[in-house]
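S.K.: Pasting start_15.tsv here (TSV, C-alpha atoms and all ligand atoms):
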chain	number	residue	atom	x	y	z
L	680	MET	CA	80.07	81.90	64.55
L	681	THR	CA	78.41	83.14	67.75
L	682	ARG	CA	79.43	81.26	70.90
L	683	LYS	CA	76.76	80.60	73.52
L	684	VAL	CA	77.62	81.60	77.06
L	685	ALA	CA	76.53	80.49	80.53
L	686	ILE	CA	77.26	82.76	83.49
L	687	LEU	CA	77.65	81.21	86.97
L	688	GLY	CA	76.98	83.80	89.69
L	689	ALA	CA	74.96	85.80	87.16
L	690	THR	CA	73.02	87.80	89.77
L	691	GLY	CA	76.10	89.22	91.56
L	692	THR	CA	78.16	92.37	91.05
L	693	VAL	CA	80.47	90.72	88.51
L	694	GLY	CA	77.67	88.65	86.93
L	695	GLN	CA	75.73	91.83	86.20
L	696	ARG	CA	78.78	93.41	84.55
L	697	PHE	CA	79.17	90.31	82.37
L	698	ILE	CA	75.57	90.73	81.21
L	699	GLN	CA	76.03	94.44	80.56
L	700	LEU	CA	79.28	93.99	78.60
L	701	LEU	CA	78.06	90.96	76.64
L	702	ASN	CA	74.91	92.79	75.50
L	703	GLY	CA	75.37	93.14	71.72
L	704	HIS	CA	78.79	91.45	71.77
L	705	PRO	CA	79.79	90.40	68.23
L	706	TRP	CA	81.08	86.93	69.22
L	707	PHE	CA	79.17	85.88	72.36
L	708	GLU	CA	75.51	85.42	73.24
L	709	VAL	CA	74.25	84.83	76.80
L	710	THR	CA	71.97	81.78	76.88
L	711	VAL	CA	72.07	80.43	80.47
L	712	LEU	CA	72.14	82.24	83.82
L	713	ALA	CA	72.92	80.37	87.05
L	714	ALA	CA	73.07	81.45	90.69
L	715	SER	CA	72.26	80.11	94.18
L	716	GLU	CA	69.13	78.18	95.04
L	717	ARG	CA	67.73	81.47	96.40
L	718	SER	CA	67.56	82.66	92.77
L	719	ALA	CA	67.01	79.40	90.86
L	720	GLY	CA	63.54	79.05	89.34
L	721	LYS	CA	62.93	82.84	89.24
L	722	LYS	CA	63.10	85.08	86.18
L	723	TYR	CA	66.40	86.99	86.16
L	724	ARG	CA	64.58	90.32	86.62
L	725	ASP	CA	63.00	89.01	89.83
L	726	ALA	CA	66.07	87.21	91.15
L	727	CYS	CA	68.56	90.00	90.55
L	728	ASN	CA	69.02	93.25	92.43
L	729	TRP	CA	70.26	95.09	89.29
L	730	ARG	CA	72.76	97.73	90.40
L	731	LEU	CA	74.15	99.17	87.15
L	732	GLU	CA	73.26	102.54	85.61
L	733	SER	CA	72.31	101.04	82.23
L	734	GLU	CA	69.00	99.14	81.99
L	735	MET	CA	68.95	95.36	82.31
L	736	PRO	CA	68.64	94.00	78.73
L	737	GLU	CA	64.95	93.16	78.17
L	738	GLU	CA	65.42	89.56	76.96
L	739	ILE	CA	67.91	88.74	79.75
L	740	GLY	CA	65.29	89.68	82.36
L	741	GLU	CA	63.02	86.96	80.95
L	742	ILE	CA	65.57	84.12	81.34
L	743	THR	CA	64.82	81.71	84.20
L	744	VAL	CA	67.81	81.39	86.54
L	745	VAL	CA	69.02	77.84	87.23
L	746	ASN	CA	71.25	76.19	89.85
L	747	THR	CA	75.02	76.16	89.33
L	748	ASP	CA	75.35	72.45	88.55
L	749	LEU	CA	76.15	70.93	85.16
L	750	LYS	CA	72.86	69.07	84.83
L	751	SER	CA	70.73	72.19	85.43
L	752	VAL	CA	72.83	74.33	83.07
L	753	ASP	CA	72.81	71.68	80.32
L	754	ALA	CA	69.02	71.41	80.58
L	755	ALA	CA	68.61	75.20	80.35
L	756	GLY	CA	70.14	75.79	76.90
L	757	ASP	CA	73.07	75.44	74.51
L	758	VAL	CA	76.44	76.40	75.95
L	759	ASP	CA	79.89	76.74	74.34
L	760	LEU	CA	81.70	78.39	77.23
L	761	VAL	CA	81.17	79.29	80.87
L	762	PHE	CA	82.07	82.46	82.77
L	763	SER	CA	82.31	81.85	86.51
L	764	ALA	CA	81.66	84.73	88.91
L	765	LEU	CA	81.05	82.54	91.94
L	766	PRO	CA	82.31	83.22	95.47
L	767	GLY	CA	85.86	81.87	95.76
L	768	SER	CA	84.90	79.57	98.64
L	769	LEU	CA	82.39	77.68	96.46
L	770	ALA	CA	83.91	77.86	93.00
L	771	GLY	CA	86.50	75.04	93.21
L	772	PRO	CA	84.44	71.86	92.71
L	773	ILE	CA	81.71	73.59	90.68
L	774	GLU	CA	84.21	74.89	88.11
L	775	GLU	CA	85.87	71.44	87.90
L	776	GLU	CA	82.50	69.84	87.16
L	777	PHE	CA	81.95	72.27	84.27
L	778	ALA	CA	85.56	72.06	82.99
L	779	ALA	CA	85.11	68.37	82.28
L	780	LYS	CA	82.85	69.48	79.42
L	781	TYR	CA	83.25	73.23	78.75
L	782	PRO	CA	85.90	75.96	78.67
L	783	VAL	CA	85.53	77.78	82.01
L	784	ILE	CA	86.87	81.32	82.41
L	785	SER	CA	86.87	82.10	86.08
L	786	LYS	CA	86.90	85.26	88.14
L	787	ALA	CA	87.06	83.31	91.40
L	788	SER	CA	90.22	82.59	93.37
L	789	ALA	CA	89.82	78.81	93.79
L	790	HIS	CA	92.12	77.63	90.95
L	791	ARG	CA	94.34	80.68	90.38
L	792	LEU	CA	97.46	79.08	91.79
L	793	ASP	CA	96.96	75.57	90.37
L	794	GLU	CA	100.14	74.59	88.54
L	795	ASP	CA	98.31	73.75	85.29
L	796	VAL	CA	95.86	76.69	85.24
L	797	PRO	CA	96.77	79.87	83.32
L	798	LEU	CA	96.44	83.08	85.33
L	799	LEU	CA	95.82	85.16	82.28
L	800	ILE	CA	96.05	88.83	81.40
L	801	PRO	CA	95.85	88.87	77.60
L	802	GLU	CA	98.27	91.82	77.21
L	803	VAL	CA	100.78	90.42	79.69
L	804	ASN	CA	101.15	86.63	79.45
L	805	PRO	CA	99.19	85.17	76.48
L	806	GLU	CA	101.84	82.41	76.17
L	807	HIS	CA	100.58	80.96	79.48
L	808	LEU	CA	97.54	79.70	77.54
L	809	ASP	CA	99.77	76.80	76.42
L	810	MET	CA	99.14	75.35	79.89
L	811	ILE	CA	95.63	74.43	78.81
L	812	GLN	CA	96.86	71.49	76.75
L	813	ILE	CA	98.84	70.15	79.73
L	814	GLN	CA	95.82	70.62	81.99
L	815	ARG	CA	93.53	68.72	79.64
L	816	GLU	CA	95.93	65.80	79.31
L	817	ARG	CA	96.57	65.65	83.05
L	818	ARG	CA	92.94	65.94	84.14
L	819	GLY	CA	91.27	64.18	81.22
L	820	TRP	CA	88.92	67.11	80.59
L	821	GLU	CA	87.23	68.04	77.31
L	822	GLY	CA	87.05	71.60	78.57
L	823	PHE	CA	89.46	73.50	80.83
L	824	ILE	CA	89.78	76.22	83.46
L	825	SER	CA	91.52	79.50	82.72
L	826	ASN	CA	91.64	82.00	85.55
L	827	ASP	CA	91.66	85.76	85.61
L	828	PRO	CA	93.66	87.28	88.45
L	829	ASN	CA	92.30	89.24	91.38
L	830	CYS	CA	91.04	92.74	90.42
L	831	SER	CA	93.76	94.72	92.22
L	832	THR	CA	96.42	92.37	90.79
L	833	ILE	CA	95.35	92.85	87.15
L	834	GLN	CA	96.00	96.58	87.05
L	835	LEU	CA	99.24	96.25	89.05
L	836	ALA	CA	100.59	93.51	86.75
L	837	ILE	CA	99.71	95.50	83.60
L	838	SER	CA	101.61	98.48	84.99
L	839	LEU	CA	104.64	96.35	85.95
L	840	LYS	CA	104.95	94.50	82.64
L	841	PRO	CA	106.55	97.43	80.71
L	842	LEU	CA	108.92	97.99	83.65
L	843	MET	CA	110.38	94.49	83.27
L	844	GLU	CA	112.64	95.85	80.51
L	845	PHE	CA	114.41	98.00	83.15
L	846	GLY	CA	115.02	94.98	85.41
L	847	LEU	CA	112.20	94.95	87.95
L	848	ARG	CA	113.45	93.95	91.42
L	849	ARG	CA	111.14	95.10	94.21
L	850	VAL	CA	107.59	96.49	94.39
L	851	ILE	CA	105.78	98.15	97.28
L	852	VAL	CA	102.07	98.78	96.64
L	853	THR	CA	99.38	100.40	98.77
L	854	THR	CA	95.84	99.98	97.48
L	855	MET	CA	92.72	102.12	97.95
L	856	GLN	CA	90.01	99.72	96.84
L	857	ALA	CA	86.43	100.47	95.83
L	858	LEU	CA	83.33	99.16	97.57
L	859	SER	CA	82.03	97.21	94.56
L	860	GLY	CA	85.10	95.00	94.92
L	861	ALA	CA	83.44	93.45	97.96
L	862	GLY	CA	80.36	92.32	95.98
L	863	TYR	CA	76.79	93.22	96.90
L	864	PRO	CA	75.74	94.34	99.52
L	865	GLY	CA	79.39	94.30	100.55
L	866	VAL	CA	80.63	96.53	103.38
L	867	ALA	CA	77.97	97.95	105.73
L	868	SER	CA	77.43	101.70	105.17
L	869	LEU	CA	78.03	102.48	108.85
L	870	ASP	CA	81.43	100.82	108.62
L	871	ILE	CA	82.66	102.77	105.59
L	872	ILE	CA	81.08	106.26	105.70
L	873	ASP	CA	83.66	108.72	107.07
L	874	ASN	CA	86.18	105.90	107.18
L	875	VAL	CA	88.94	103.79	105.60
L	876	ILE	CA	89.22	100.11	106.51
L	877	PRO	CA	92.90	99.07	106.51
L	878	TYR	CA	92.26	95.37	105.89
L	879	ILE	CA	90.81	93.24	103.08
L	880	SER	CA	90.85	89.53	103.79
L	881	LYS	CA	93.51	87.61	101.78
L	882	GLU	CA	93.98	90.55	99.37
L	883	GLU	CA	97.62	91.28	100.21
L	884	GLU	CA	98.59	87.62	99.77
L	885	LYS	CA	96.78	87.52	96.39
L	886	LEU	CA	98.64	90.60	95.11
L	887	GLU	CA	101.99	89.27	96.31
L	888	VAL	CA	101.67	85.73	94.95
L	889	GLU	CA	99.52	86.14	91.81
L	890	THR	CA	101.68	88.93	90.36
L	891	LYS	CA	104.78	86.69	90.42
L	892	LYS	CA	102.92	83.90	88.59
L	893	ILE	CA	101.56	86.30	85.93
L	894	LEU	CA	104.96	87.89	85.27
L	895	GLY	CA	106.68	84.50	85.48
L	896	THR	CA	108.14	82.46	82.63
L	897	PHE	CA	106.32	79.44	81.21
L	898	ASP	CA	108.97	76.84	80.35
L	899	GLY	CA	106.67	74.49	78.44
L	900	SER	CA	105.61	72.53	81.51
L	901	LYS	CA	105.14	75.03	84.33
L	902	VAL	CA	105.51	78.66	85.30
L	903	LYS	CA	108.68	79.82	87.02
L	904	PRO	CA	107.56	82.79	89.17
L	905	ALA	CA	109.16	86.15	88.39
L	906	PRO	CA	112.10	86.76	90.75
L	907	ILE	CA	110.70	89.94	92.25
L	908	VAL	CA	109.89	90.90	95.83
L	909	LEU	CA	106.42	92.36	96.40
L	910	SER	CA	104.95	93.94	99.50
L	911	ALA	CA	101.26	94.98	99.56
L	912	SER	CA	99.03	96.92	101.97
L	913	CYS	CA	95.33	96.87	101.07
L	914	ASN	CA	92.65	99.33	102.16
L	915	ARG	CA	88.91	99.61	101.50
L	916	VAL	CA	87.84	103.21	100.77
L	917	ASN	CA	84.53	104.99	100.30
L	918	VAL	CA	84.51	104.88	96.47
L	919	LYS	CA	81.94	102.99	94.39
L	920	ASP	CA	84.09	101.70	91.50
L	921	GLY	CA	87.80	101.95	90.66
L	922	HIS	CA	90.82	100.79	92.63
L	923	LEU	CA	93.66	103.29	93.08
L	924	GLU	CA	97.15	101.98	93.87
L	925	ALA	CA	100.30	103.81	94.98
L	926	VAL	CA	103.20	101.82	93.52
L	927	HIS	CA	106.93	102.12	94.33
L	928	VAL	CA	109.39	100.10	92.26
L	929	GLU	CA	113.07	99.34	92.47
L	930	LEU	CA	114.66	98.79	89.05
L	931	GLU	CA	118.12	97.44	88.14
L	932	GLU	CA	118.57	100.21	85.59
L	933	ASN	CA	118.08	103.86	86.36
L	934	PRO	CA	115.72	105.18	83.65
L	935	ASP	CA	114.57	108.77	83.90
L	936	VAL	CA	110.91	109.58	84.47
L	937	GLU	CA	110.27	110.37	80.79
L	938	GLU	CA	111.66	106.98	79.68
L	939	VAL	CA	109.35	105.22	82.14
L	940	LYS	CA	106.33	107.20	80.92
L	941	GLU	CA	107.27	106.33	77.34
L	942	ALA	CA	107.48	102.62	78.23
L	943	PHE	CA	103.98	102.82	79.75
L	944	ARG	CA	102.59	104.72	76.76
L	945	LYS	CA	103.94	102.48	74.06
L	946	PHE	CA	102.96	99.24	75.79
L	947	ARG	CA	100.71	97.07	73.60
L	948	GLY	CA	99.84	93.37	73.77
L	949	ALA	CA	98.19	90.56	71.84
L	950	PRO	CA	94.64	92.03	72.16
L	951	GLN	CA	95.72	95.25	70.44
L	952	LYS	CA	97.61	93.39	67.70
L	953	LEU	CA	94.66	91.06	67.12
L	954	LYS	CA	92.17	93.96	67.40
L	955	LEU	CA	89.96	91.99	69.80
L	956	PRO	CA	86.50	93.54	70.28
L	957	SER	CA	87.05	94.49	73.94
L	958	ALA	CA	90.70	95.51	73.62
L	959	PRO	CA	91.35	99.13	74.59
L	960	GLU	CA	93.45	100.99	72.04
L	961	GLU	CA	95.81	102.02	74.83
L	962	PRO	CA	96.11	99.46	77.65
L	963	ILE	CA	97.91	102.14	79.72
L	964	ILE	CA	97.01	105.83	79.61
L	965	VAL	CA	99.51	108.21	81.22
L	966	ARG	CA	98.15	111.48	82.64
L	967	GLU	CA	100.31	114.52	83.27
L	968	GLU	CA	98.09	116.46	85.72
L	969	VAL	CA	99.46	116.56	89.28
L	970	ASP	CA	96.20	115.28	90.74
L	971	ARG	CA	95.26	112.38	88.41
L	972	PRO	CA	94.25	109.56	88.17
L	973	GLN	CA	91.09	109.84	90.25
L	974	PRO	CA	88.46	107.06	90.42
L	975	ARG	CA	85.48	109.26	89.54
L	976	TYR	CA	87.11	110.79	86.44
L	977	ASP	CA	89.39	108.05	85.15
L	978	ARG	CA	87.80	104.64	85.83
L	979	ASP	CA	85.86	104.60	82.54
L	980	ALA	CA	88.91	105.32	80.34
L	981	GLY	CA	88.98	102.99	77.33
L	982	ASN	CA	85.44	101.81	78.22
L	983	GLY	CA	86.81	100.76	81.63
L	984	MET	CA	89.48	98.56	80.01
L	985	SER	CA	92.46	100.95	80.13
L	986	ILE	CA	94.42	101.48	83.29
L	987	VAL	CA	95.36	105.06	84.04
L	988	ILE	CA	98.75	105.97	85.45
L	989	GLY	CA	99.77	109.35	86.80
L	990	ARG	CA	102.22	111.14	89.07
L	991	VAL	CA	105.18	109.19	87.68
L	992	ARG	CA	108.19	110.49	89.60
L	993	ARG	CA	111.52	109.53	91.12
L	994	ASP	CA	111.37	107.63	94.38
L	995	PRO	CA	114.07	108.65	96.87
L	996	ALA	CA	113.76	105.26	98.61
L	997	LEU	CA	113.50	102.93	95.57
L	998	THR	CA	113.71	104.04	91.87
L	999	ILE	CA	110.32	105.22	90.53
L	1000	LYS	CA	106.86	105.76	92.03
L	1001	TYR	CA	103.44	106.29	90.44
L	1002	LEU	CA	99.68	106.02	90.95
L	1003	CYS	CA	97.68	103.48	88.99
L	1004	LEU	CA	93.88	103.22	88.59
L	1005	GLY	CA	91.70	100.47	87.14
L	1006	HIS	CA	87.95	99.80	86.96
L	1007	ASN	CA	87.64	96.80	89.28
L	1008	THR	CA	84.45	95.28	87.86
L	1009	ILE	CA	85.41	95.90	84.20
L	1010	ARG	CA	89.21	95.59	83.68
L	1011	GLY	CA	89.43	93.84	87.04
L	1012	ALA	CA	86.55	91.41	86.49
L	1013	ALA	CA	83.95	90.94	83.72
L	1014	GLY	CA	85.81	92.91	81.04
L	1015	ALA	CA	88.95	90.90	81.80
L	1016	GLY	CA	87.04	87.62	81.47
L	1017	ILE	CA	85.55	88.65	78.14
L	1018	LEU	CA	88.92	89.81	76.78
L	1019	SER	CA	90.41	86.45	77.84
L	1020	ALA	CA	87.63	84.62	76.00
L	1021	GLU	CA	88.15	86.77	72.90
L	1022	LEU	CA	91.86	85.91	72.89
L	1023	MET	CA	91.01	82.21	73.16
L	1024	VAL	CA	88.62	82.48	70.22
L	1025	ALA	CA	91.25	84.31	68.16
L	1026	LYS	CA	93.78	81.59	68.99
L	1027	GLY	CA	91.33	78.79	68.14
L	1028	ILE	CA	91.20	77.47	71.74
L	1029	ILE	CA	87.44	78.04	72.02
L	1101	LIG	N1	83.49	92.59	92.68
L	1101	LIG	C1	84.67	92.69	92.09
L	1101	LIG	O1	85.16	93.79	91.78
L	1101	LIG	C2	85.46	91.45	91.76
L	1101	LIG	C3	86.60	91.60	91.00
L	1101	LIG	C4	87.36	90.47	90.66
L	1101	LIG	C5	86.96	89.23	91.09
L	1101	LIG	N2	85.83	89.10	91.85
L	1101	LIG	C6	85.45	87.74	92.22
L	1101	LIG	O2	84.30	87.40	91.45
L	1101	LIG	C7	83.44	86.53	92.20
L	1101	LIG	C8	82.05	87.17	92.31
L	1101	LIG	O3	82.15	88.38	93.02
L	1101	LIG	P1	80.91	89.40	93.17
L	1101	LIG	O4	81.53	90.67	93.66
L	1101	LIG	O5	80.10	89.39	91.95
L	1101	LIG	O6	80.09	88.70	94.38
L	1101	LIG	P2	78.52	88.85	94.73
L	1101	LIG	O7	78.02	90.17	94.29
L	1101	LIG	O8	78.42	88.49	96.16
L	1101	LIG	O9	77.80	87.70	93.83
L	1101	LIG	C9	77.93	86.35	94.13
L	1101	LIG	C10	77.20	85.49	93.11
L	1101	LIG	O10	77.36	84.10	93.46
L	1101	LIG	C11	76.08	83.49	93.68
L	1101	LIG	N3	76.11	82.55	94.81
L	1101	LIG	C12	76.26	82.85	96.13
L	1101	LIG	N4	76.18	81.73	96.88
L	1101	LIG	C13	75.97	80.70	96.01
L	1101	LIG	C14	75.78	79.30	96.17
L	1101	LIG	N5	75.78	78.73	97.38
L	1101	LIG	N6	75.62	78.55	95.05
L	1101	LIG	C15	75.62	79.10	93.83
L	1101	LIG	N7	75.76	80.44	93.61
L	1101	LIG	C16	75.95	81.23	94.70
L	1101	LIG	C17	75.15	84.64	93.99
L	1101	LIG	O11	73.82	84.24	93.68
L	1101	LIG	P3	72.52	84.73	94.53
L	1101	LIG	O12	72.22	86.13	94.06
L	1101	LIG	O13	71.49	83.75	94.14
L	1101	LIG	O14	72.91	84.70	95.98
L	1101	LIG	C18	75.69	85.74	93.07
L	1101	LIG	O15	75.22	85.52	91.75
L	1101	LIG	C19	84.13	86.33	93.55
L	1101	LIG	O16	84.90	85.15	93.51
L	1101	LIG	C20	85.02	87.56	93.67
L	1101	LIG	O17	86.13	87.34	94.52
L	1101	LIG	C21	85.07	90.17	92.18
What do you get writing this file as structure tokens?
M.R.:
Amino acid sequence: MTRKVAILGATGTVGQRFIQLLNGHPWFEVTVLAASERSAGKKYRDACNWRLESEMPEEIGEITVVNTDLKSVDAAGDVDLVFSALPGSLAGPIEEEFAAKYPVISKASAHRLDEDVPLLIPEVNPEHLDMIQIQRERRGWEGFISNDPNCSTIQLAISLKPLMEFGLRRVIVTTMQALSGAGYPGVASLDIIDNVIPYISKEEEKLEVETKKILGTFDGSKVKPAPIVLSASCNRVNVKDGHLEAVHVELEENPDVEEVKEAFRKFRGAPQKLKLPSAPEEPIIVREEVDRPQPRYDRDAGNGMSIVIGRVRRDPALTIKYLCLGHNTIRGAAGAGILSAELMVAKGII
């Protein structure tokens, strides 16, 4: 059965990726597109500043964009689930309005830390989906909200999950984050050409807090955050797509570098076992070259859904250090949302 999809924030950087990745999807069909009142009433092709290399799907361009309220979306077409790619500052009440009726899978930050909202990475914490039942009972909703983490957090948490078996204690991460992570038009060209900006608003806090929730234990009523210490420094760099992160970890055990690489390589999760349509065969690809991963060459690995790790080596200060790369608008955003929805379909939640 094909599920019909509405996208909130459909004209933005993440909204466009949703449309690109859902084109021809075996389980989902885009029926309703919603954005701000600047776009509402226009055909998608006129409302949207399409910024992807592939062409906008012909029939999507003909859809009339509507406002991001339940009444307008309901009037525009049939909907079984909603992807939200709204700005975090606006998403809170809008997503709640939709969750009363529909499953909402959100890319925005508004509900990520709510006690009854899963912060889901399908390979890492699929058991957190059990929170949905608690959420529905508590809030009296027919639908629900499930959140995807922040883009830089997703790739970090995937890389940390296999290290939990060695007793993960402390993590220091320095990010080099792509321009598309700031949405469109994002950072002014005169601010970023020939430059690195050593600050991204609220990003360090998101990495530090979200990662502990994702790697935490769900005890049947709430998540107990993972007992790890994280310290993040976030930088915006002059790269279009693909966040690169330098990660240093302290482990209780003292595995050698080859054991750590093996743990990364053999890591698989529910999406791989269930053979979900968007699941990469290898969630983590380990490269041996001294100068990889690089955003330009590695961001599209596994159709943008694999993270690429390289330069795994001993850390004289902690235990192990490595570089980790992920495509921020695919694995970090729209691809993550679609994989979450696929897992929910496979588990009978949608
Ligand atoms: N970019 C990334 O790599 C990334 C990764 C992970 C998570 N996220 C999160 O995903 C969300 C979307 O990010 P983005 O990069 O796609 O941002 P964006 O390019 O700025 O797009 C924002 C979208 O929201 C709509 N919008 C803006 N103001 C609105 C309003 N008042 N009412 C209704 N809709 C409104 C815009 O519609 P109009 O075109 O009509 O203005 C547009 O469709 C954010 O919460 C962001 O933090 C982004």
S.K.: Might I get the box with edges along x, y and z of the file that holds all atoms of region 964-977 of chain L listed there, padded by 6 Å on every side, given as centre and edge lengths in Å to one decimal, as JSON?
M.R.:
{"center_x": 92.9, "center_y": 111.2, "center_z": 85.2, "size_x": 26.8, "size_y": 22.7, "size_z": 23.1}
S.K.: One decimal, in Å: what's the spacing between CA of Glu794 (chain L) and CA of Gly860 (chain L)?
M.R.: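 Spanning CA of Glu794 (chain L) to CA of Gly860 (chain L) is a straight-line distance of 26.1 Å.
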S.K.: Taking all atoms listed in the file into account, which residues are within 7 Å of ligand LIG 1101 (chain L), as number ranges by chain?
M.R.: L: 687-694, 714-718, 726-727, 746-747, 764-767, 769, 786-788, 829-830, 859-863, 1007-1008, 1011-1012
S.K.: List every residue of region 980-1011 of chain L that has an atom at most 12 Å from any atom of region 698-702 of chain L, and for each one report the closest atom pair and its distance in Å to one decimal, counting all atoms listed in the file, with rows sorted by chain and then by increasing residue number, as CSV.
M.R.:
residue,atom,partner,partner_atom,distance
L:Asn982,CA,L:Leu700,CA,10.0
L:Gly983,CA,L:Leu700,CA,10.6
L:Met984,CA,L:Leu700,CA,11.3
L:Thr1008,CA,L:Leu700,CA,10.7
L:Ile1009,CA,L:Leu700,CA,8.5
L:Arg1010,CA,L:Leu700,CA,11.3
S.K.: Tell me, in Å to one decimal, how far CA of Leu909 (chain L) is from CA of Lys840 (chain L).
M.R.: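 Computing the Euclidean distance for CA of Leu909 (chain L) and CA of Lys840 (chain L) yields 14.0 Å.
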S.K.: Taking (83.1, 79.4, 86.6) in the file's coordinates as the center, which residues reach within 7 Å of it, counting all atoms listed in the file, put as number ranges by chain?
M.R.: L: 687, 761-765, 770, 774, 783-785
S.K.: Print the selection's residues with C-alpha atoms to a file, as a PDB file, in the coordinates of the input.
M.R.:
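Once written, selection_34.pdb looks like this:
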ATOM      1  CA  LEU L 687      77.650  81.210  86.970  1.00  0.00           C
ATOM      2  CA  VAL L 761      81.170  79.290  80.870  1.00  0.00           C
ATOM      3  CA  PHE L 762      82.070  82.460  82.770  1.00  0.00           C
ATOM      4  CA  SER L 763      82.310  81.850  86.510  1.00  0.00           C
ATOM      5  CA  ALA L 764      81.660  84.730  88.910  1.00  0.00           C
ATOM      6  CA  LEU L 765      81.050  82.540  91.940  1.00  0.00           C
ATOM      7  CA  ALA L 770      83.910  77.860  93.000  1.00  0.00           C
ATOM      8  CA  GLU L 774      84.210  74.890  88.110  1.00  0.00           C
ATOM      9  CA  VAL L 783      85.530  77.780  82.010  1.00  0.00           C
ATOM     10  CA  ILE L 784      86.870  81.320  82.410  1.00  0.00           C
ATOM     11  CA  SER L 785      86.870  82.100  86.080  1.00  0.00           C
TER      12      SER L 785
END
S.K.: Kindly give the distance, in Å, that separates CA of Gly822 (chain L) and CA of Lys780 (chain L), rounded to a single decimal.
M.R.: 4.8 Å
